[in-house]
file work.txt (compact mmCIF, C-alpha atoms)
# COMPACT_ATOMS: atom_id res chain seq x y z
CA MET A 1 0.00 0.00 0.00
CA ASN A 2 1.85 3.04 -1.31
CA THR A 3 -0.11 5.86 0.33
CA ALA A 4 -2.12 5.92 3.52
CA PRO A 5 -5.79 5.77 2.45
CA THR A 6 -8.66 7.63 4.10
CA LEU A 7 -12.42 7.30 3.97
CA SER A 8 -14.63 10.18 5.03
CA PHE A 9 -18.30 11.11 5.22
CA SER A 10 -19.43 14.72 4.97
CA LYS A 11 -22.98 15.64 6.05
CA LEU A 12 -24.18 12.24 4.89
CA GLY A 13 -27.92 11.60 5.04
CA CYS A 14 -30.38 8.91 4.02
CA SER A 15 -34.16 8.50 3.97
CA ARG A 16 -36.51 5.69 2.97
CA GLY A 17 -40.19 6.01 2.11
CA GLY A 18 -40.22 9.62 3.21
CA ARG A 19 -38.73 8.77 6.63
CA GLN A 20 -35.36 10.16 7.65
CA LEU A 21 -33.03 7.33 8.68
CA PHE A 22 -29.98 9.41 9.52
CA SER A 23 -28.61 12.84 8.69
CA ASP A 24 -25.54 15.07 8.95
CA VAL A 25 -23.13 12.19 9.48
CA ASP A 26 -19.49 13.28 9.52
CA CYS A 27 -16.66 10.80 9.93
CA LEU A 28 -12.99 10.34 9.08
CA LEU A 29 -11.47 6.85 8.99
CA GLU A 30 -7.72 6.61 8.53
CA ALA A 31 -5.38 3.78 7.55
CA GLY A 32 -5.11 1.01 10.11
CA ARG A 33 -8.48 1.77 11.73
CA TRP A 34 -11.88 0.11 11.67
CA LEU A 35 -15.29 1.72 11.91
CA TYR A 36 -18.06 0.00 13.85
CA VAL A 37 -21.42 1.22 12.55
CA ALA A 38 -24.02 0.87 15.31
CA GLY A 39 -27.62 1.87 15.88
CA ALA A 40 -31.11 0.52 16.37
CA ASN A 41 -32.66 -1.85 13.85
CA GLY A 42 -34.02 0.05 10.87
CA VAL A 43 -31.84 3.12 11.41
CA GLY A 44 -30.00 2.58 8.12
CA LYS A 45 -26.78 0.68 8.89
CA THR A 46 -26.99 -1.52 5.80
CA SER A 47 -28.12 1.48 3.73
CA LEU A 48 -24.98 3.35 4.79
CA LEU A 49 -22.78 0.40 3.84
CA ARG A 50 -24.48 0.18 0.44
CA MET A 51 -23.78 3.87 -0.10
CA VAL A 52 -20.14 3.37 0.84
CA CYS A 53 -19.95 0.59 -1.75
CA GLY A 54 -21.55 2.73 -4.44
CA LEU A 55 -24.55 0.37 -4.60
CA ALA A 56 -26.95 3.13 -3.55
CA PRO A 57 -26.79 6.86 -4.30
CA THR A 58 -26.01 9.39 -1.60
CA GLU A 59 -29.12 11.47 -1.03
CA ALA A 60 -27.34 14.15 0.99
CA GLY A 61 -23.69 14.85 1.63
CA GLN A 62 -20.67 13.07 0.22
CA ILE A 63 -18.52 9.98 0.66
CA LEU A 64 -14.86 10.63 -0.11
CA TRP A 65 -12.00 8.23 -0.71
CA ASN A 66 -8.61 9.86 -0.29
CA GLY A 67 -10.31 13.24 -0.35
CA THR A 68 -12.19 12.73 -3.64
CA PRO A 69 -15.92 11.89 -3.96
CA ILE A 70 -16.28 8.22 -4.82
CA HIS A 71 -18.56 8.89 -7.81
CA LYS A 72 -15.74 10.87 -9.46
CA GLN A 73 -13.35 7.90 -9.30
CA ALA A 74 -15.73 4.97 -9.62
CA ASP A 75 -13.42 2.50 -11.38
CA ALA A 76 -10.38 3.17 -9.18
CA TYR A 77 -12.53 3.09 -6.06
CA ARG A 78 -14.00 -0.31 -6.95
CA GLN A 79 -10.47 -1.67 -7.25
CA ASP A 80 -9.80 -0.50 -3.69
CA LEU A 81 -13.04 -1.94 -2.28
CA CYS A 82 -14.05 -5.41 -1.11
CA TYR A 83 -17.65 -5.86 0.07
CA LEU A 84 -19.00 -8.83 1.99
CA GLY A 85 -22.65 -8.89 2.98
CA HIS A 86 -24.47 -11.23 5.32
CA LEU A 87 -25.32 -13.31 2.23
CA ASN A 88 -22.46 -15.37 0.85
CA ALA A 89 -22.90 -14.25 -2.79
CA LEU A 90 -21.40 -17.46 -4.14
CA GLN A 91 -22.34 -18.97 -7.49
CA GLU A 92 -23.81 -22.34 -6.54
CA SER A 93 -23.20 -23.93 -9.95
CA MET A 94 -19.47 -23.12 -9.90
CA THR A 95 -16.72 -24.86 -7.96
CA VAL A 96 -15.09 -23.27 -4.96
CA ASP A 97 -11.92 -22.59 -6.97
CA GLU A 98 -13.93 -21.00 -9.77
CA ASN A 99 -15.71 -18.72 -7.31
CA LEU A 100 -12.43 -17.59 -5.76
CA ARG A 101 -10.73 -17.00 -9.11
CA PHE A 102 -13.74 -15.10 -10.45
CA THR A 103 -13.90 -12.80 -7.44
CA ALA A 104 -10.15 -12.19 -7.57
CA ALA A 105 -10.38 -11.37 -11.28
CA LEU A 106 -13.03 -8.74 -10.54
CA GLY A 107 -10.44 -7.10 -8.31
CA GLY A 108 -7.82 -7.26 -11.04
CA VAL A 109 -5.89 -10.14 -9.49
CA SER A 110 -4.95 -13.52 -10.96
CA ILE A 111 -4.57 -16.38 -8.46
CA ASP A 112 -3.34 -19.93 -8.94
CA ALA A 113 -4.33 -23.28 -7.46
CA ALA A 114 -1.63 -23.13 -4.79
CA GLN A 115 -3.02 -19.84 -3.46
CA THR A 116 -6.60 -21.13 -3.31
CA GLN A 117 -5.47 -24.33 -1.59
CA GLN A 118 -3.54 -22.34 0.99
CA VAL A 119 -6.39 -19.99 1.84
CA LEU A 120 -8.97 -22.78 1.96
CA ARG A 121 -6.75 -24.74 4.31
CA HIS A 122 -6.36 -21.64 6.48
CA PHE A 123 -10.14 -21.23 6.66
CA GLY A 124 -10.73 -24.84 7.60
CA VAL A 125 -12.14 -26.10 4.30
CA PRO A 126 -9.13 -27.91 2.78
CA GLY A 127 -9.58 -30.04 -0.30
CA ARG A 128 -12.86 -28.35 -1.28
CA GLY A 129 -11.53 -26.40 -4.26
CA GLY A 130 -12.94 -28.70 -6.92
CA GLN A 131 -16.30 -29.14 -5.21
CA LEU A 132 -19.45 -27.42 -6.42
CA VAL A 133 -20.59 -24.78 -3.96
CA ARG A 134 -24.11 -26.23 -3.89
CA HIS A 135 -22.71 -29.35 -2.20
CA LEU A 136 -21.19 -27.45 0.73
CA SER A 137 -22.81 -26.98 4.12
CA GLN A 138 -23.90 -23.49 5.12
CA GLY A 139 -20.93 -23.20 7.46
CA GLN A 140 -18.52 -24.24 4.70
CA LYS A 141 -20.07 -21.75 2.29
CA ARG A 142 -19.56 -18.99 4.83
CA ARG A 143 -15.90 -19.89 5.24
CA VAL A 144 -15.40 -19.92 1.46
CA ALA A 145 -17.06 -16.50 1.20
CA LEU A 146 -14.79 -15.13 3.93
CA SER A 147 -11.69 -16.64 2.33
CA ARG A 148 -12.13 -14.19 -0.54
CA LEU A 149 -11.00 -11.43 1.80
CA ALA A 150 -7.61 -13.09 2.22
CA LEU A 151 -7.15 -13.07 -1.55
CA SER A 152 -8.28 -9.49 -2.06
CA PRO A 153 -5.79 -6.64 -2.60
CA ALA A 154 -8.48 -4.08 -1.72
CA ARG A 155 -7.51 -1.53 0.92
CA LEU A 156 -11.07 -0.93 2.11
CA TRP A 157 -13.15 -3.82 3.45
CA VAL A 158 -16.88 -3.20 3.95
CA LEU A 159 -18.46 -6.01 5.98
CA ASP A 160 -22.17 -6.30 6.74
CA GLU A 161 -22.71 -8.73 9.65
CA PRO A 162 -19.60 -10.76 8.72
CA PHE A 163 -19.70 -12.93 11.86
CA VAL A 164 -23.25 -14.22 11.34
CA ALA A 165 -23.69 -18.02 11.47
CA MET A 166 -20.06 -18.59 12.45
CA ASP A 167 -18.74 -20.74 15.28
CA GLU A 168 -16.28 -19.38 17.83
CA ALA A 169 -13.23 -20.57 15.88
CA GLY A 170 -14.51 -18.94 12.69
CA VAL A 171 -15.21 -15.66 14.49
CA ARG A 172 -11.67 -15.55 15.88
CA MET A 173 -10.18 -16.48 12.50
CA LEU A 174 -12.00 -13.64 10.76
CA ALA A 175 -11.18 -11.16 13.53
CA ASP A 176 -7.51 -12.06 13.18
CA LEU A 177 -7.72 -11.65 9.40
CA ILE A 178 -9.24 -8.17 9.78
CA ALA A 179 -6.56 -7.24 12.33
CA ALA A 180 -3.83 -8.35 9.90
CA HIS A 181 -5.44 -6.25 7.15
CA LEU A 182 -5.46 -3.20 9.42
CA GLY A 183 -1.87 -3.90 10.39
CA LYS A 184 -0.89 -3.53 6.74
CA GLY A 185 -2.54 -0.12 6.55
CA GLY A 186 -5.96 -1.21 5.37
CA LEU A 187 -9.34 0.04 6.60
CA ALA A 188 -12.54 -1.77 7.53
CA VAL A 189 -16.15 -0.67 7.99
CA LEU A 190 -18.48 -3.18 9.57
CA THR A 191 -21.78 -3.82 11.29
CA SER A 192 -22.27 -6.66 13.73
CA HIS A 193 -24.79 -7.74 16.35
CA GLN A 194 -21.91 -9.54 18.08
CA GLN A 195 -19.31 -7.77 20.17
CA VAL A 196 -15.97 -8.83 18.69
CA ASP A 197 -12.46 -7.64 19.43
CA ILE A 198 -10.26 -6.93 16.38
CA GLY A 199 -6.78 -7.60 17.72
CA ASP A 200 -5.83 -4.81 20.09
CA ILE A 201 -7.19 -2.13 17.75
CA PRO A 202 -10.04 -0.18 19.36
CA ALA A 203 -13.17 0.38 17.31
CA GLN A 204 -13.98 3.81 15.95
CA MET A 205 -17.69 4.08 16.73
CA LEU A 206 -20.35 5.58 14.49
CA GLU A 207 -23.82 5.39 15.98
CA LEU A 208 -26.59 6.26 13.56
CA HIS A 209 -29.79 7.98 14.60
CA ALA A 210 -32.49 9.97 12.85

call {"tool": "encode", "arguments": {"input": "work.txt", "output": "structure tokens"}}
result
Amino acid sequence: MNTAPTLSFSKLGCSRGGRQLFSDVDCLLEAGRWLYVAGANGVGKTSLLRMVCGLAPTEAGQILWNGTPIHKQADAYRQDLCYLGHLNALQESMTVDENLRFTAALGGVSIDAAQTQQVLRHFGVPGRGGQLVRHLSQGQKRRVALSRLALSPARLWVLDEPFVAMDEAGVRMLADLIAAHLGKGGLAVLTSHQQVDIGDIPAQMLELHA
């Protein structure tokens, strides 16, 4: 990572169905830090994450990456972004290897069989590379989905309930992976109903309210 990246929100607001979810949100997230987005159910946490990912327009205010609005650098920003929602977003008719290579290619990275074998072994699903995703258990699918993070060169990770449906070992494995990403100068934005420690890096809190 050549330069220290930053993500910032300026007077960010969002409404749904004529109801204000949140407004005037200001925030600055710097390299090596993670942002914990909190708030009551229905306050717009997932909506904010979708806006950060460019999947939903900003109704008020701006989201800036390295000081520039994300809509003015859409292609470059997508290369710097890795999004993981609470759904696994795996193609069931493809093998595990094919899913990992496809996702890596979207990020402009080419990976080989040795890399996929290593990351699958690390995530506790060794020897599954040639297996169709539809034949995996839900827990195995979640671990495959999370393994994509380890193969991503993106500097910004946006994670919507990443610890859902994971056992204690999986939670710790992912927390350690996020901590390693932050240690290399990356950033992470996440929501979670579970209280999880990310290494010894304190959370930067953002509590949404109308």

call {"tool": "closest_residue", "arguments": {"input": "work.txt", "among": "A:Val196, A:Cys82, A:Val164, A:Val189", "to": "A:Asp176", "atoms": "only C-alpha atoms"}}
result
A:Val196

call {"tool": "closest_residue", "arguments": {"input": "work.txt", "among": "A:Lys11, A:Arg33, A:Arg128, A:Arg19", "to": "A:Thr58", "atoms": "all atoms listed in the file"}}
result
A:Lys11

call {"tool": "residues_around", "arguments": {"input": "work.txt", "residues": "stretch 96-108 of chain A", "least_positions_apart": "4", "cutoff": "7 Å", "atoms": "all atoms listed in the file", "output": "MDAnalysis selection string"}}
result
chainID A and resid 79 90:91 116 128:133 148 151:152

call {"tool": "closest_residue", "arguments": {"input": "work.txt", "among": "A:Leu156, A:Leu87, A:Ala203, A:Ala56", "to": "A:Arg142", "atoms": "all atoms listed in the file"}}
result
A:Leu87

call {"tool": "residues_around", "arguments": {"input": "work.txt", "residues": "A:Glu30", "least_positions_apart": "5", "cutoff": "7 Å", "atoms": "all atoms listed in the file", "output": "MDAnalysis selection string"}}
result
chainID A and resid 5:7

call {"tool": "write_last_selection", "arguments": {"input": "work.txt", "atoms": "C-alpha atoms", "output": "mmCIF file, keeping the file's coordinate frame"}}
result
data_model
loop_
_atom_site.group_PDB
_atom_site.id
_atom_site.type_symbol
_atom_site.label_atom_id
_atom_site.label_comp_id
_atom_site.auth_asym_id
_atom_site.auth_seq_id
_atom_site.Cartn_x
_atom_site.Cartn_y
_atom_site.Cartn_z
ATOM 1 C CA PRO A 5 -5.790 5.770 2.450
ATOM 2 C CA THR A 6 -8.660 7.630 4.100
ATOM 3 C CA LEU A 7 -12.420 7.300 3.970
#

call {"tool": "closest_residue", "arguments": {"input": "work.txt", "among": "A:Ile63, A:Ala76, A:Val144, A:Leu136", "to": "A:Arg121", "atoms": "all atoms listed in the file"}}
result
A:Val144

call {"tool": "residues_around", "arguments": {"input": "work.txt", "residues": "A:Leu182", "least_positions_apart": "6", "cutoff": "10 Å", "atoms": "only C-alpha atoms", "output": "MDAnalysis selection string"}}
result
chainID A and resid 31:34 155:157 176 188 198:199 201

call {"tool": "closest_residue", "arguments": {"input": "work.txt", "among": "A:Asn66, A:Asn88, A:Ser93, A:Ser47", "to": "A:Arg143", "atoms": "only C-alpha atoms"}}
result
A:Asn88

call {"tool": "closest_residue", "arguments": {"input": "work.txt", "among": "A:Leu21, A:Arg16, A:Asp26, A:Ala89", "to": "A:Met205", "atoms": "only C-alpha atoms"}}
result
A:Asp26

call {"tool": "atom_distance", "arguments": {"input": "work.txt", "atom1": "atom CA of A:Val25", "atom2": "atom CA of A:Leu187"}}
result
18.6 Å

call {"tool": "atom_distance", "arguments": {"input": "work.txt", "atom1": "atom CA of A:Leu120", "atom2": "atom CA of A:Ser147"}}
result
6.7 Å

call {"tool": "axis_aligned_box", "arguments": {"input": "work.txt", "around": "stretch 31-46 of chain A", "padding_each_side": "8 Å", "output": "JSON"}}
result
{"center_x": -19.6, "center_y": 1.0, "center_z": 11.1, "size_x": 44.9, "size_y": 21.6, "size_z": 26.6}
